[in-house]
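Shown below: run-v1.csv, with CSV, C-alpha atoms.
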```csv
chain,number,residue,atom,x,y,z
V,29,MET,CA,40.1,7.6,-5.1
V,30,ILE,CA,38.4,7.3,-1.7
V,31,THR,CA,40.7,7.7,1.2
V,32,ARG,CA,40.3,6.0,4.5
V,33,THR,CA,39.5,9.4,6.1
V,34,GLU,CA,36.8,10.1,3.5
V,35,GLN,CA,35.1,6.8,3.9
V,36,GLY,CA,35.5,6.5,7.6
V,37,PRO,CA,32.4,8.5,8.8
V,38,VAL,CA,30.2,6.8,6.1
V,39,SER,CA,31.4,3.4,7.3
V,40,GLU,CA,30.7,4.3,10.9
V,41,ILE,CA,27.2,5.5,10.1
V,42,ALA,CA,26.5,2.3,8.0
V,43,GLN,CA,27.5,0.2,11.0
V,44,LEU,CA,24.7,1.7,13.0
V,45,PHE,CA,22.2,-0.1,10.9
V,46,PRO,CA,21.6,-3.8,10.4
V,47,GLU,CA,22.6,-5.6,7.3
V,48,GLN,CA,19.9,-6.4,4.7
V,49,GLY,CA,18.1,-9.5,5.7
V,50,LYS,CA,18.7,-8.8,9.4
V,51,TRP,CA,16.3,-5.9,10.1
V,52,THR,CA,13.8,-6.5,12.9
V,53,GLU,CA,10.5,-4.7,13.7
V,54,ASP,CA,12.3,-2.9,16.6
V,55,ASP,CA,15.0,-1.7,14.1
V,56,TYR,CA,12.3,-0.5,11.7
V,57,PHE,CA,10.3,1.4,14.3
V,58,SER,CA,13.5,3.0,15.6
V,59,LEU,CA,14.0,4.8,12.2
V,60,PRO,CA,13.5,8.5,12.2
V,61,GLU,CA,10.2,9.8,10.7
V,62,THR,CA,10.4,10.4,6.9
V,63,ASN,CA,8.0,11.2,4.1
V,64,LYS,CA,9.6,8.4,2.0
V,65,ILE,CA,7.9,5.1,1.6
V,66,VAL,CA,10.0,2.7,3.8
V,67,GLU,CA,8.8,-0.9,4.3
V,68,LEU,CA,10.0,-4.0,6.0
V,69,SER,CA,9.8,-7.5,4.5
V,70,GLU,CA,11.5,-10.6,5.8
V,71,GLY,CA,14.4,-8.7,7.3
V,72,ARG,CA,14.9,-6.4,4.3
V,73,LEU,CA,14.4,-2.7,4.4
V,74,ILE,CA,12.7,-1.5,1.2
V,75,ILE,CA,12.8,2.2,0.2
V,76,THR,CA,10.6,3.1,-2.8
V,77,PRO,CA,11.4,5.9,-5.1
V,78,SER,CA,9.2,9.0,-4.9
V,79,PRO,CA,5.9,8.6,-6.8
V,80,THR,CA,5.1,10.4,-10.1
V,81,THR,CA,2.6,13.2,-10.4
V,82,GLN,CA,0.2,10.9,-12.3
V,83,HIS,CA,0.4,8.3,-9.5
V,84,GLN,CA,-0.4,10.9,-6.8
V,85,LYS,CA,-3.3,12.4,-8.7
V,86,ILE,CA,-4.9,9.0,-9.1
V,87,VAL,CA,-4.3,8.2,-5.4
V,88,LEU,CA,-5.8,11.6,-4.5
V,89,LYS,CA,-8.9,11.1,-6.7
V,90,LEU,CA,-9.6,7.6,-5.7
V,91,SER,CA,-9.0,8.1,-2.0
V,92,THR,CA,-11.3,11.1,-2.0
V,93,MET,CA,-14.1,9.1,-3.7
V,94,LEU,CA,-13.6,6.3,-1.2
V,95,PHE,CA,-13.4,8.7,1.8
V,96,ASN,CA,-16.7,10.3,0.8
V,97,HIS,CA,-18.4,7.0,0.4
V,98,VAL,CA,-17.1,5.5,3.6
V,99,SER,CA,-17.9,8.7,5.6
V,100,SER,CA,-21.4,9.1,4.2
V,101,HIS,CA,-22.3,5.4,5.0
V,102,ASN,CA,-20.2,5.3,8.3
V,103,LEU,CA,-18.4,2.2,7.2
V,104,GLY,CA,-15.0,2.7,8.8
V,105,GLU,CA,-11.7,4.4,8.2
V,106,ILE,CA,-9.6,5.3,5.1
V,107,ILE,CA,-6.0,6.3,5.2
V,108,ILE,CA,-3.3,6.8,2.6
V,109,ALA,CA,0.5,6.3,2.5
V,110,PRO,CA,2.8,6.8,4.2
V,111,MET,CA,1.2,4.8,7.1
V,112,ASP,CA,2.6,1.5,8.4
V,113,VAL,CA,0.4,-1.5,8.0
V,114,ARG,CA,1.7,-4.6,10.0
V,115,LEU,CA,0.5,-7.6,8.0
V,116,TYR,CA,2.2,-10.2,10.2
V,117,PRO,CA,5.5,-10.5,12.2
V,118,GLY,CA,8.4,-9.1,10.1
V,119,VAL,CA,6.3,-7.7,7.3
V,120,ILE,CA,5.3,-4.0,7.4
V,121,ARG,CA,4.0,-2.3,4.3
V,122,GLN,CA,2.8,1.2,3.3
V,123,PRO,CA,0.0,0.7,0.7
V,124,ASP,CA,-1.2,3.6,-1.3
V,125,ILE,CA,-4.8,3.4,0.1
V,126,VAL,CA,-6.1,1.3,3.1
V,127,PHE,CA,-9.7,0.8,4.4
V,128,MET,CA,-10.6,-0.7,7.8
V,129,LYS,CA,-14.2,-1.6,8.7
V,130,ASN,CA,-15.7,-0.2,11.9
V,131,GLU,CA,-15.8,-3.7,13.5
V,132,HIS,CA,-12.0,-4.0,13.0
V,133,LYS,CA,-11.0,-0.6,14.4
V,134,ASP,CA,-9.3,-2.3,17.3
V,135,ARG,CA,-6.6,-3.1,14.8
V,136,ILE,CA,-5.7,0.6,14.5
V,137,THR,CA,-3.0,2.0,16.8
V,138,GLU,CA,-1.1,5.3,16.7
V,139,ARG,CA,2.0,3.5,15.5
V,140,TYR,CA,0.6,1.3,12.8
V,141,TRP,CA,-2.6,-0.4,11.4
V,142,GLY,CA,-3.1,-4.1,11.6
V,143,VAL,CA,-4.5,-6.2,8.8
V,144,PRO,CA,-7.1,-4.1,6.9
V,145,ASP,CA,-10.2,-5.0,4.9
V,146,LEU,CA,-9.1,-3.5,1.7
V,147,ILE,CA,-5.7,-2.5,0.2
V,148,ILE,CA,-5.3,-0.5,-3.0
V,149,GLU,CA,-2.0,-0.1,-4.8
V,150,VAL,CA,-1.5,2.2,-7.8
V,151,ILE,CA,1.3,0.7,-9.8
V,152,SER,CA,4.2,2.5,-11.4
V,153,GLU,CA,7.3,1.3,-13.2
V,154,SER,CA,9.2,1.1,-10.0
V,155,THR,CA,6.6,-0.9,-8.1
V,156,ASP,CA,4.8,-3.0,-10.8
V,157,LYS,CA,6.8,-6.2,-10.1
V,158,GLU,CA,6.4,-5.9,-6.3
V,159,ASP,CA,2.7,-4.9,-6.3
V,160,LYS,CA,1.8,-7.9,-8.6
V,161,GLY,CA,4.3,-10.3,-7.0
V,162,GLU,CA,5.7,-10.1,-3.4
V,163,LYS,CA,3.1,-7.7,-2.0
V,164,PHE,CA,0.3,-9.7,-3.7
V,165,PHE,CA,1.3,-12.8,-1.8
V,166,GLU,CA,1.9,-11.0,1.4
V,167,TYR,CA,-1.5,-9.5,1.4
V,168,GLU,CA,-3.0,-12.9,0.5
V,169,LYS,CA,-1.0,-14.6,3.3
V,170,ALA,CA,-2.1,-11.9,5.8
V,171,GLY,CA,-5.8,-12.5,5.0
V,172,VAL,CA,-6.6,-9.1,3.5
V,173,PRO,CA,-10.1,-9.7,2.1
V,174,GLU,CA,-9.8,-7.5,-1.0
V,175,TYR,CA,-6.9,-6.1,-3.0
V,176,TRP,CA,-7.1,-3.7,-5.9
V,177,ILE,CA,-4.3,-3.2,-8.4
V,178,VAL,CA,-4.8,0.1,-10.2
V,179,ASP,CA,-2.8,0.4,-13.5
V,180,PRO,CA,-2.5,3.9,-15.1
V,181,ASN,CA,-1.0,2.5,-18.3
V,182,THR,CA,-3.8,0.2,-19.1
V,183,GLN,CA,-6.4,2.3,-17.3
V,184,THR,CA,-7.7,-0.7,-15.5
V,185,ILE,CA,-8.5,-1.8,-12.0
V,186,ASP,CA,-8.2,-5.5,-11.1
V,187,VAL,CA,-10.1,-6.5,-8.0
V,188,PHE,CA,-8.9,-9.6,-6.2
V,189,GLN,CA,-11.0,-11.2,-3.4
V,190,LEU,CA,-9.9,-13.8,-0.9
V,191,LYS,CA,-11.6,-17.2,-1.0
V,192,ASP,CA,-10.2,-20.3,0.8
V,193,ASP,CA,-7.1,-18.3,1.8
V,194,ALA,CA,-6.2,-17.5,-1.9
V,195,TYR,CA,-6.9,-14.5,-4.1
V,196,TYR,CA,-9.0,-14.9,-7.2
V,197,LEU,CA,-9.7,-12.2,-9.8
V,198,ALA,CA,-13.3,-11.0,-9.0
V,199,GLY,CA,-13.3,-8.4,-11.8
V,200,SER,CA,-11.1,-6.4,-14.2
V,201,PHE,CA,-12.6,-3.0,-14.8
V,202,GLY,CA,-11.8,-0.6,-17.6
V,203,ILE,CA,-13.0,2.6,-19.2
V,204,GLY,CA,-16.8,2.4,-19.4
V,205,ASP,CA,-17.0,0.2,-16.3
V,206,SER,CA,-17.8,1.0,-12.7
V,207,VAL,CA,-15.9,-0.6,-9.8
V,208,ASN,CA,-17.8,-2.4,-7.0
V,209,SER,CA,-16.5,-4.1,-3.9
V,210,ASN,CA,-17.5,-6.8,-1.4
V,211,VAL,CA,-16.1,-4.9,1.5
V,212,LEU,CA,-17.7,-1.5,0.6
V,213,PRO,CA,-21.4,-1.9,0.1
V,214,ASN,CA,-23.1,0.2,-2.6
V,215,LEU,CA,-19.8,1.4,-3.9
V,216,ASN,CA,-20.0,2.5,-7.6
V,217,ILE,CA,-17.0,4.3,-9.0
V,218,SER,CA,-16.6,5.1,-12.7
V,219,VAL,CA,-13.2,4.0,-13.9
V,220,GLU,CA,-13.1,6.8,-16.3
V,221,SER,CA,-13.4,9.4,-13.5
V,222,ILE,CA,-10.3,8.0,-11.9
V,223,PHE,CA,-8.1,8.1,-15.0
V,224,LYS,CA,-9.4,11.0,-17.0
V,225,ARG,CA,-7.1,14.1,-17.1
V,226,ARG,CA,-8.3,17.7,-17.1
V,227,ASN,CA,-7.2,19.9,-19.9
```
Let me see the structure of the file written as structure tokens.
Amino acid sequence: MITRTEQGPVSEIAQLFPEQGKWTEDDYFSLPETNKIVELSEGRLIITPSPTTQHQKIVLKLSTMLFNHVSSHNLGEIIIAPMDVRLYPGVIRQPDIVFMKNEHKDRITERYWGVPDLIIEVISESTDKEDKGEKFFEYEKAGVPEYWIVDPNTQTIDVFQLKDDAYYLAGSFGIGDSVNSNVLPNLNISVESIFKRRN
């Protein structure tokens, strides 16, 4: 049984934070720094469980490949989560991998990135529904030109591109294929190299 004394401090701490549905950007940016993935969407604070080892290995491999390509061709900036990306008022996400072209670097601040040119999400059991649902529509609404969904279970990468303010599936790439991109000229990444595991 929880006594009044035992629950008092917890209740007092809880009252310091807004109710779900009432979080603002100011509230969000007032949170202490953390290595957790914490996002804001339409007044809701979303805390994602820690990623799996497989998820992180794929993010590391893919982000390294992209970083090398972007750097060698001087195309822009690559960053990985956790980093705030402000899509539009009231919606701040922390995608796994983000790319910003040189001509859009004015959208980058110390506090957050504005709408990027490419977002990549590596899905997991805890994020599958959101990455393919709510985030998909938020990225589309924000005008992110290209969105990749990387699925470790099917070992596929779906590339969505924006046309007439809506995403269409530009390509679904599996083992034996190479991924290319409208926003990253001359990119050619083997899907197998992303998913293969070393013995």
Taking only residues of segment 139-175 of chain V that have an atom at most 12 Å from an atom of segment 55-65 of chain V, what is each one's shortest atom pair and its distance in Å to one decimal, using only C-alpha atoms, in chain and number order, as CSV?
```
residue,atom,partner,partner_atom,distance
V:Arg139,CA,V:Phe57,CA,8.6
V:Tyr140,CA,V:Phe57,CA,9.8
V:Thr155,CA,V:Ile65,CA,11.5
```
Store the residues of this selection in a file with C-alpha atoms, as a PDB file, in the coordinates of the input.
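Below is the file that was written, again25.pdb:
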```pdb
ATOM      1  CA  ARG V 139       2.000   3.500  15.500  1.00  0.00           C
ATOM      2  CA  TYR V 140       0.600   1.300  12.800  1.00  0.00           C
ATOM      3  CA  THR V 155       6.600  -0.900  -8.100  1.00  0.00           C
TER       4      THR V 155
END
```
Please check which residues have atoms at most 12 Å from (4.8, 1.8, -10.7) in the file's coordinates, counting all atoms listed in the file, and write them as number ranges by chain.
V: 76-84, 124, 149-160, 177-181
Residue neighbourhood Ser209 of chain V, 12 Å, all atoms listed in the file, exclusion window fewer than 5 positions, as a ChimeraX atom specification
/V:94,127,145-148,173-176,185-189,198-201,214-217
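Relative to atom CA of Arg114 of chain V, atom CA of Thr137 of chain V is found at 10.6 Å.
Pairwise distance (atom CA of Ile203 of chain V, atom CA of Lys89 of chain V) equals 15.7 Å.
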